[in-house]
Structures are given as C-alpha cells and as structure tokens.
Amino acid sequence: MPQHDVIFAGFGGQGVLLMGKLLAHAGMYAGREVSWFPSYGPEMRGGTCNCTVIVSDGPVGSPVVQHPRAIVVLNLPSLDKFEPMVRPGGLICLNSSLIHRQVRRRDVQVIHVPANEIAIELKNPRGANMVALGAYLGATGAVPEAILEEVIRETFAAKPAVVEANLEAFRRGLALGRGAAVAQEVVA
C-alpha cells in the first residue's frame with residue numbers, strides 16, 4: 001500500500017486535529033508507520049489550525065509535507081492556503097457547506113462534501129468533521145474502514161450517544177468518498 005499523506009485544515013473548534021488523530025491512530029492499529037503533526041495559531045478556537053498525517057508502509061522520514069497527496073479543508077482560508085500545495089494528481093476534499101468557490105486547479109481530483117449540511121441533517125451539528133474524514137477515507141482507502149470505526153468507538157466510549165452519531169456521520173462521508181472515487185475511475 002502506498003504512502004498516504006494528508007493535511008486536514010480549518011478553524012479551531014471544527015475538530016480538525018481530532019480528524020488527524022483518529023486517522024493516525026487507525027494507521028497505528030493497522031500496523032503502519034504514522035506521523036501526526038499539528039499546527040495552530042495562538043487564537044485556538046476560531047483561529048486557523050491544521051495537521052499533517054502520514055500513513056506509510058515504511059519509516060516516515062519527516063512529519064513535514066511540502067506537497068501532500070491530499071488535503072481536507074473545512075473553510076475557505078484553508079482552501080486558499082493549501083490548494084497550491086497539493087501535488088498534481090492529488091485530492092482536494094472540501095466542505096462545500098462553507099466553501100463556495102470552485103477549486104482553481106485542473107490537475108487534481110475534487111470532492112465537494114456538504115459536511116455541515118449532512119451533520120445537521122443527522123442532528124449532529126458538531127459531526128461535520130466526521131463526514132469529511134469519512135469522505136477522505138472513502139476516496140483514498142488510506143486505512144481499513146473497520147479499524148477507523150473501532151478508533152471512533154474507542155475515542156468516544158465514555159459517550160455512547162456520541163459514538164453512534166459520529167459513526168453515522170463518518171459512514172455518510174464514506175459513501176460520498178466512495179462514490180467520488182468510482183466516478184473518477186469512470187472518467188479516467
């Protein structure tokens with residue numbers, strides 16, 4: 001399995017760092033080499049934050065990725081900042097609930113995920129990050145889905161209602177990501 005590297009980005013409070021931690025833990029549970037590298041401004045909640053996650057079969061040489069294979073962006077400032085960095089042929093998974101401009105690049109795959117709308121529909125307004133994480137995983141297969149679901153269960157074990165709500169949001173995102181990946185294969 002190839003190396004997967006992704007930057008998750010958005011405002012503080014959107015669960016950006018949590019998405020990265022969940023993916024990194026799932027990678028470890030799958031027996032892969034991982035790196036989770038957070039970055040956030042002094043504002044924290046409401047300020048910008050991002051994290052880089054690498055899941056690899058071999059040793060991770062550096063947690064810093066100049067040209068990631070994928071980005072998952074939850075707000076417009078994050079798309080503006082990270083869109084130019086994605087390597088050609090990479091993936092941009094964007095929260096179309098909050099990002100209303102088109103991606104300017106033509107050499108990347110783009111998945112529009114109405115993460116906030118889906119989360120609200122599921123009566124889990126804080127679950128937009130789980131929808132976006134699911135879409136990324138559905139499109140890339142970076143880690144086995146069942147392992148990431150187990151990490152979600154474990155992370156929120158103290159709050160059973162939150163476990164189920166987050167799993168439902170995650171699964172809705174998975175379906176979107178899988179559909180986008182299949183559509184991309186048909187076009188290619």
# chains A, B, ... in the order shown; residues from 1 in each chain; ligands from 1
>>> residues_around(residues="Arg126 (chain A)", least_positions_apart="6", cutoff="10 Å", atoms="only C-alpha atoms", output="PDB file with N, CA, C and O atoms, in the first residue's frame")
ATOM      1  N   GLY A  13     -11.791  24.519  16.639  1.00  0.00           N
ATOM      2  CA  GLY A  13     -13.135  24.202  17.087  1.00  0.00           C
ATOM      3  C   GLY A  13     -13.921  23.357  16.106  1.00  0.00           C
ATOM      4  O   GLY A  13     -14.994  22.858  16.435  1.00  0.00           O
ATOM      5  N   GLN A  14     -13.393  23.160  14.884  1.00  0.00           N
ATOM      6  CA  GLN A  14     -14.085  22.330  13.895  1.00  0.00           C
ATOM      7  C   GLN A  14     -13.700  20.848  13.999  1.00  0.00           C
ATOM      8  O   GLN A  14     -14.221  20.036  13.257  1.00  0.00           O
ATOM      9  N   GLY A  15     -12.802  20.517  14.892  1.00  0.00           N
ATOM     10  CA  GLY A  15     -12.393  19.130  15.040  1.00  0.00           C
ATOM     11  C   GLY A  15     -11.335  18.687  14.052  1.00  0.00           C
ATOM     12  O   GLY A  15     -11.184  17.497  13.769  1.00  0.00           O
ATOM     13  N   ALA A 115     -20.483  18.898   4.294  1.00  0.00           N
ATOM     14  CA  ALA A 115     -20.281  18.293   5.614  1.00  0.00           C
ATOM     15  C   ALA A 115     -21.205  18.874   6.681  1.00  0.00           C
ATOM     16  O   ALA A 115     -21.801  18.124   7.461  1.00  0.00           O
ATOM     17  N   ASN A 116     -21.316  20.196   6.736  1.00  0.00           N
ATOM     18  CA  ASN A 116     -22.173  20.797   7.761  1.00  0.00           C
ATOM     19  C   ASN A 116     -23.641  20.435   7.527  1.00  0.00           C
ATOM     20  O   ASN A 116     -24.372  20.150   8.482  1.00  0.00           O
ATOM     21  N   ALA A 119     -24.223  16.869   8.588  1.00  0.00           N
ATOM     22  CA  ALA A 119     -24.181  16.773  10.048  1.00  0.00           C
ATOM     23  C   ALA A 119     -25.471  17.312  10.674  1.00  0.00           C
ATOM     24  O   ALA A 119     -26.020  16.709  11.605  1.00  0.00           O
ATOM     25  N   ILE A 120     -25.965  18.416  10.168  1.00  0.00           N
ATOM     26  CA  ILE A 120     -27.214  18.992  10.692  1.00  0.00           C
ATOM     27  C   ILE A 120     -28.383  18.063  10.384  1.00  0.00           C
ATOM     28  O   ILE A 120     -29.245  17.820  11.239  1.00  0.00           O
ATOM     29  N   ALA A 165     -23.623   8.665  16.835  1.00  0.00           N
ATOM     30  CA  ALA A 165     -23.804   9.849  15.985  1.00  0.00           C
ATOM     31  C   ALA A 165     -22.582  10.068  15.088  1.00  0.00           C
ATOM     32  O   ALA A 165     -22.719  10.378  13.896  1.00  0.00           O
ATOM     33  N   ASN A 166     -21.393   9.909  15.655  1.00  0.00           N
ATOM     34  CA  ASN A 166     -20.175  10.094  14.864  1.00  0.00           C
ATOM     35  C   ASN A 166     -19.978   8.988  13.844  1.00  0.00           C
ATOM     36  O   ASN A 166     -19.506   9.242  12.727  1.00  0.00           O
ATOM     37  N   ALA A 169     -22.262   9.804  10.924  1.00  0.00           N
ATOM     38  CA  ALA A 169     -21.694  10.886  10.112  1.00  0.00           C
ATOM     39  C   ALA A 169     -20.516  10.370   9.288  1.00  0.00           C
ATOM     40  O   ALA A 169     -20.392  10.673   8.091  1.00  0.00           O
TER      41      ALA A 169
END
>>> residues_around(residues="Val73 (chain A)", least_positions_apart="3", cutoff="8 Å", atoms="only C-alpha atoms", output="list in words")
Phe8, Ala9, Gly10, Leu76, Ser78, Leu79, Ile92, Cys93, Leu94 and Asn95 of chain A
>>> write_last_selection(atoms="N, CA and C atoms", output="mmCIF file, in the first residue's frame")
data_model
loop_
_atom_site.group_PDB
_atom_site.id
_atom_site.type_symbol
_atom_site.label_atom_id
_atom_site.label_comp_id
_atom_site.auth_asym_id
_atom_site.auth_seq_id
_atom_site.Cartn_x
_atom_site.Cartn_y
_atom_site.Cartn_z
ATOM 1 N N PHE A 8 -5.211 18.119 7.043
ATOM 2 C CA PHE A 8 -6.561 18.492 7.467
ATOM 3 C C PHE A 8 -6.473 19.939 7.930
ATOM 4 N N ALA A 9 -7.390 20.802 7.498
ATOM 5 C CA ALA A 9 -7.288 22.212 7.860
ATOM 6 C C ALA A 9 -8.664 22.848 8.007
ATOM 7 N N GLY A 10 -8.741 23.819 8.907
ATOM 8 C CA GLY A 10 -9.975 24.560 9.136
ATOM 9 C C GLY A 10 -9.790 25.538 10.276
ATOM 10 N N LEU A 76 -12.816 28.294 3.810
ATOM 11 C CA LEU A 76 -12.207 28.943 2.652
ATOM 12 C C LEU A 76 -10.751 29.355 2.873
ATOM 13 N N SER A 78 -8.504 27.933 4.482
ATOM 14 C CA SER A 78 -7.681 26.724 4.361
ATOM 15 C C SER A 78 -7.536 26.296 2.908
ATOM 16 N N LEU A 79 -8.609 26.402 2.125
ATOM 17 C CA LEU A 79 -8.501 26.091 0.703
ATOM 18 C C LEU A 79 -7.542 27.063 0.028
ATOM 19 N N ILE A 92 -8.394 16.993 -3.410
ATOM 20 C CA ILE A 92 -8.881 18.072 -2.552
ATOM 21 C C ILE A 92 -10.297 17.708 -2.145
ATOM 22 N N CYS A 93 -10.474 17.488 -0.863
ATOM 23 C CA CYS A 93 -11.779 17.182 -0.295
ATOM 24 C C CYS A 93 -12.215 18.442 0.446
ATOM 25 N N LEU A 94 -13.257 19.115 -0.048
ATOM 26 C CA LEU A 94 -13.614 20.394 0.557
ATOM 27 C C LEU A 94 -15.032 20.405 1.095
ATOM 28 N N ASN A 95 -15.211 21.154 2.170
ATOM 29 C CA ASN A 95 -16.504 21.303 2.819
ATOM 30 C C ASN A 95 -17.319 22.327 2.039
#
>>> atom_distance(atom1="CA of Thr52 (chain A)", atom2="CA of Arg153 (chain A)")
22.7 Å
>>> select_by_dssp(residues="chain A", states="strand (DSSP E)", output="PyMOL selection string")
chain A and resi 4-11+33-40+48-56+70-73+91-95+109-113
>>> write_last_selection(atoms="C-alpha atoms", output="compact mmCIF listing (two decimals), in the first residue's frame")
# COMPACT_ATOMS: atom_id res chain seq x y z
CA HIS A 4 -0.83 8.43 2.25
CA ASP A 5 -0.16 11.99 3.36
CA VAL A 6 -2.91 14.48 4.02
CA ILE A 7 -3.34 17.92 5.52
CA PHE A 8 -6.56 18.49 7.47
CA ALA A 9 -7.29 22.21 7.86
CA GLY A 10 -9.98 24.56 9.14
CA PHE A 11 -10.87 26.83 12.03
CA GLU A 33 4.12 3.78 10.29
CA VAL A 34 2.43 7.09 11.11
CA SER A 35 3.11 10.73 11.85
CA TRP A 36 0.66 13.34 13.20
CA PHE A 37 1.93 16.93 13.12
CA PRO A 38 -0.44 19.65 14.42
CA SER A 39 -0.19 23.38 13.75
CA TYR A 40 -2.45 26.09 15.08
CA THR A 48 -6.87 28.56 11.81
CA CYS A 49 -5.38 25.19 12.54
CA ASN A 50 -4.19 22.22 10.56
CA CYS A 51 -2.43 18.94 10.98
CA THR A 52 -0.45 16.74 8.66
CA VAL A 53 -0.91 12.99 8.85
CA ILE A 54 1.30 10.45 7.12
CA VAL A 55 0.39 6.76 6.98
CA SER A 56 3.10 4.65 5.38
CA ALA A 70 -4.46 15.17 -0.33
CA ILE A 71 -6.00 17.99 1.66
CA VAL A 72 -9.26 18.03 3.57
CA VAL A 73 -10.30 21.65 4.03
CA LEU A 91 -7.09 15.04 -3.95
CA ILE A 92 -8.88 18.07 -2.55
CA CYS A 93 -11.78 17.18 -0.30
CA LEU A 94 -13.61 20.39 0.56
CA ASN A 95 -16.50 21.30 2.82
CA GLN A 109 -9.46 15.35 -8.07
CA VAL A 110 -12.02 17.39 -6.12
CA ILE A 111 -14.71 16.04 -3.82
CA HIS A 112 -17.38 18.52 -2.72
CA VAL A 113 -18.69 17.39 0.66
>>> atom_distance(atom1="CA of Ile152 (chain A)", atom2="CA of Leu17 (chain A)")
13.9 Å
>>> atom_distance(atom1="CA of Ala26 (chain A)", atom2="CA of Val151 (chain A)")
6.2 Å
>>> closest_residue(among="A:Asp57, A:Asp107, A:Glu117, A:Glu149", to="Arg69 (chain A)", atoms="only C-alpha atoms")
A:Asp107
>>> closest_residue(among="A:Val65, A:Leu148, A:Leu176, A:Ala158", to="His25 (chain A)", atoms="only C-alpha atoms")
A:Leu148
>>> select_by_dssp(residues="region 21-151 of chain A", states="alpha helix (DSSP H)", output="JSON, numbers by chain")
{"A": [21, 22, 23, 24, 25, 26, 27, 28, 29, 76, 77, 78, 79, 80, 81, 82, 115, 116, 117, 118, 119, 120, 121, 128, 129, 130, 131, 132, 133, 134, 135, 136, 137, 138, 139, 140, 145, 146, 147, 148, 149, 150, 151]}
>>> write_last_selection(atoms="C-alpha atoms", output="PDB file, in the first residue's frame")
ATOM      1  CA  LYS A  21      -5.554  11.916  15.450  1.00  0.00           C
ATOM      2  CA  LEU A  22      -8.239   9.409  14.504  1.00  0.00           C
ATOM      3  CA  LEU A  23      -6.564   8.663  11.171  1.00  0.00           C
ATOM      4  CA  ALA A  24      -3.121   8.380  12.797  1.00  0.00           C
ATOM      5  CA  HIS A  25      -4.408   6.003  15.477  1.00  0.00           C
ATOM      6  CA  ALA A  26      -6.142   3.878  12.852  1.00  0.00           C
ATOM      7  CA  GLY A  27      -2.894   3.738  10.907  1.00  0.00           C
ATOM      8  CA  MET A  28      -1.032   2.543  14.010  1.00  0.00           C
ATOM      9  CA  TYR A  29      -3.700  -0.091  14.737  1.00  0.00           C
ATOM     10  CA  LEU A  76     -12.207  28.943   2.652  1.00  0.00           C
ATOM     11  CA  PRO A  77      -8.968  30.314   4.200  1.00  0.00           C
ATOM     12  CA  SER A  78      -7.681  26.724   4.361  1.00  0.00           C
ATOM     13  CA  LEU A  79      -8.501  26.091   0.703  1.00  0.00           C
ATOM     14  CA  ASP A  80      -6.797  29.358  -0.258  1.00  0.00           C
ATOM     15  CA  LYS A  81      -3.671  28.391   1.691  1.00  0.00           C
ATOM     16  CA  PHE A  82      -3.312  24.709   0.828  1.00  0.00           C
ATOM     17  CA  ALA A 115     -20.281  18.293   5.614  1.00  0.00           C
ATOM     18  CA  ASN A 116     -22.173  20.797   7.761  1.00  0.00           C
ATOM     19  CA  GLU A 117     -25.467  20.142   5.975  1.00  0.00           C
ATOM     20  CA  ILE A 118     -25.130  16.378   6.387  1.00  0.00           C
ATOM     21  CA  ALA A 119     -24.181  16.773  10.048  1.00  0.00           C
ATOM     22  CA  ILE A 120     -27.214  18.992  10.692  1.00  0.00           C
ATOM     23  CA  GLU A 121     -29.464  16.561   8.802  1.00  0.00           C
ATOM     24  CA  ALA A 128     -19.095  17.786  10.084  1.00  0.00           C
ATOM     25  CA  ASN A 129     -15.505  16.701  10.694  1.00  0.00           C
ATOM     26  CA  MET A 130     -16.563  13.036  10.810  1.00  0.00           C
ATOM     27  CA  VAL A 131     -18.381  13.444   7.478  1.00  0.00           C
ATOM     28  CA  ALA A 132     -15.255  14.980   5.923  1.00  0.00           C
ATOM     29  CA  LEU A 133     -12.986  12.297   7.391  1.00  0.00           C
ATOM     30  CA  GLY A 134     -15.270   9.601   6.002  1.00  0.00           C
ATOM     31  CA  ALA A 135     -15.222  11.192   2.543  1.00  0.00           C
ATOM     32  CA  TYR A 136     -11.423  11.284   2.570  1.00  0.00           C
ATOM     33  CA  LEU A 137     -11.186   7.648   3.630  1.00  0.00           C
ATOM     34  CA  GLY A 138     -13.828   6.527   1.138  1.00  0.00           C
ATOM     35  CA  ALA A 139     -11.878   8.153  -1.689  1.00  0.00           C
ATOM     36  CA  THR A 140      -8.401   7.008  -0.659  1.00  0.00           C
ATOM     37  CA  GLU A 145     -12.619   1.443   7.368  1.00  0.00           C
ATOM     38  CA  ALA A 146     -13.379  -1.069  10.130  1.00  0.00           C
ATOM     39  CA  ILE A 147     -10.248  -0.036  12.020  1.00  0.00           C
ATOM     40  CA  LEU A 148     -11.145   3.663  11.841  1.00  0.00           C
ATOM     41  CA  GLU A 149     -14.653   2.841  13.058  1.00  0.00           C
ATOM     42  CA  GLU A 150     -13.114   0.997  16.008  1.00  0.00           C
ATOM     43  CA  VAL A 151     -10.934   4.025  16.790  1.00  0.00           C
TER      44      VAL A 151
END
>>> residues_around(residues="Arg106 (chain A)", least_positions_apart="2", cutoff="12 Å", atoms="only C-alpha atoms", output="PDB file with N, CA and C atoms, in the first residue's frame")
ATOM      1  N   GLU A  83      -4.505  24.794  -1.320  1.00  0.00           N
ATOM      2  CA  GLU A  83      -4.764  24.334  -2.691  1.00  0.00           C
ATOM      3  C   GLU A  83      -3.503  24.324  -3.556  1.00  0.00           C
ATOM      4  N   PRO A  84      -2.679  25.388  -3.532  1.00  0.00           N
ATOM      5  CA  PRO A  84      -1.490  25.380  -4.398  1.00  0.00           C
ATOM      6  C   PRO A  84      -0.463  24.303  -4.038  1.00  0.00           C
ATOM      7  N   VAL A  86      -1.022  21.050  -3.129  1.00  0.00           N
ATOM      8  CA  VAL A  86      -1.361  19.661  -3.453  1.00  0.00           C
ATOM      9  C   VAL A  86      -0.620  19.225  -4.712  1.00  0.00           C
ATOM     10  N   ARG A  87      -0.033  18.051  -4.640  1.00  0.00           N
ATOM     11  CA  ARG A  87       0.715  17.567  -5.799  1.00  0.00           C
ATOM     12  C   ARG A  87      -0.234  17.253  -6.955  1.00  0.00           C
ATOM     13  N   PRO A  88       0.228  17.425  -8.192  1.00  0.00           N
ATOM     14  CA  PRO A  88      -0.606  17.097  -9.352  1.00  0.00           C
ATOM     15  C   PRO A  88      -1.111  15.660  -9.245  1.00  0.00           C
ATOM     16  N   GLY A  89      -2.384  15.481  -9.565  1.00  0.00           N
ATOM     17  CA  GLY A  89      -2.999  14.168  -9.454  1.00  0.00           C
ATOM     18  C   GLY A  89      -3.533  13.883  -8.065  1.00  0.00           C
ATOM     19  N   GLY A  90      -3.350  14.822  -7.137  1.00  0.00           N
ATOM     20  CA  GLY A  90      -3.791  14.644  -5.761  1.00  0.00           C
ATOM     21  C   GLY A  90      -5.283  14.869  -5.582  1.00  0.00           C
ATOM     22  N   LEU A  91      -5.680  14.947  -4.322  1.00  0.00           N
ATOM     23  CA  LEU A  91      -7.089  15.036  -3.945  1.00  0.00           C
ATOM     24  C   LEU A  91      -7.340  16.261  -3.085  1.00  0.00           C
ATOM     25  N   ILE A  92      -8.394  16.993  -3.410  1.00  0.00           N
ATOM     26  CA  ILE A  92      -8.881  18.072  -2.552  1.00  0.00           C
ATOM     27  C   ILE A  92     -10.297  17.708  -2.145  1.00  0.00           C
ATOM     28  N   GLN A 102     -15.005  27.622  -6.504  1.00  0.00           N
ATOM     29  CA  GLN A 102     -14.502  26.419  -7.150  1.00  0.00           C
ATOM     30  C   GLN A 102     -12.987  26.308  -6.945  1.00  0.00           C
ATOM     31  N   VAL A 103     -12.497  25.099  -6.961  1.00  0.00           N
ATOM     32  CA  VAL A 103     -11.065  24.859  -6.938  1.00  0.00           C
ATOM     33  C   VAL A 103     -10.506  25.367  -8.260  1.00  0.00           C
ATOM     34  N   ARG A 104      -9.399  26.081  -8.196  1.00  0.00           N
ATOM     35  CA  ARG A 104      -8.820  26.692  -9.402  1.00  0.00           C
ATOM     36  C   ARG A 104      -7.960  25.712 -10.196  1.00  0.00           C
ATOM     37  N   VAL A 108      -6.117  18.088 -10.261  1.00  0.00           N
ATOM     38  CA  VAL A 108      -6.392  17.356  -9.030  1.00  0.00           C
ATOM     39  C   VAL A 108      -7.830  16.851  -9.053  1.00  0.00           C
ATOM     40  N   GLN A 109      -8.087  15.821  -8.270  1.00  0.00           N
ATOM     41  CA  GLN A 109      -9.458  15.345  -8.075  1.00  0.00           C
ATOM     42  C   GLN A 109     -10.079  16.195  -6.965  1.00  0.00           C
ATOM     43  N   VAL A 110     -11.335  16.575  -7.120  1.00  0.00           N
ATOM     44  CA  VAL A 110     -12.023  17.387  -6.123  1.00  0.00           C
ATOM     45  C   VAL A 110     -13.292  16.674  -5.684  1.00  0.00           C
TER      46      VAL A 110
END
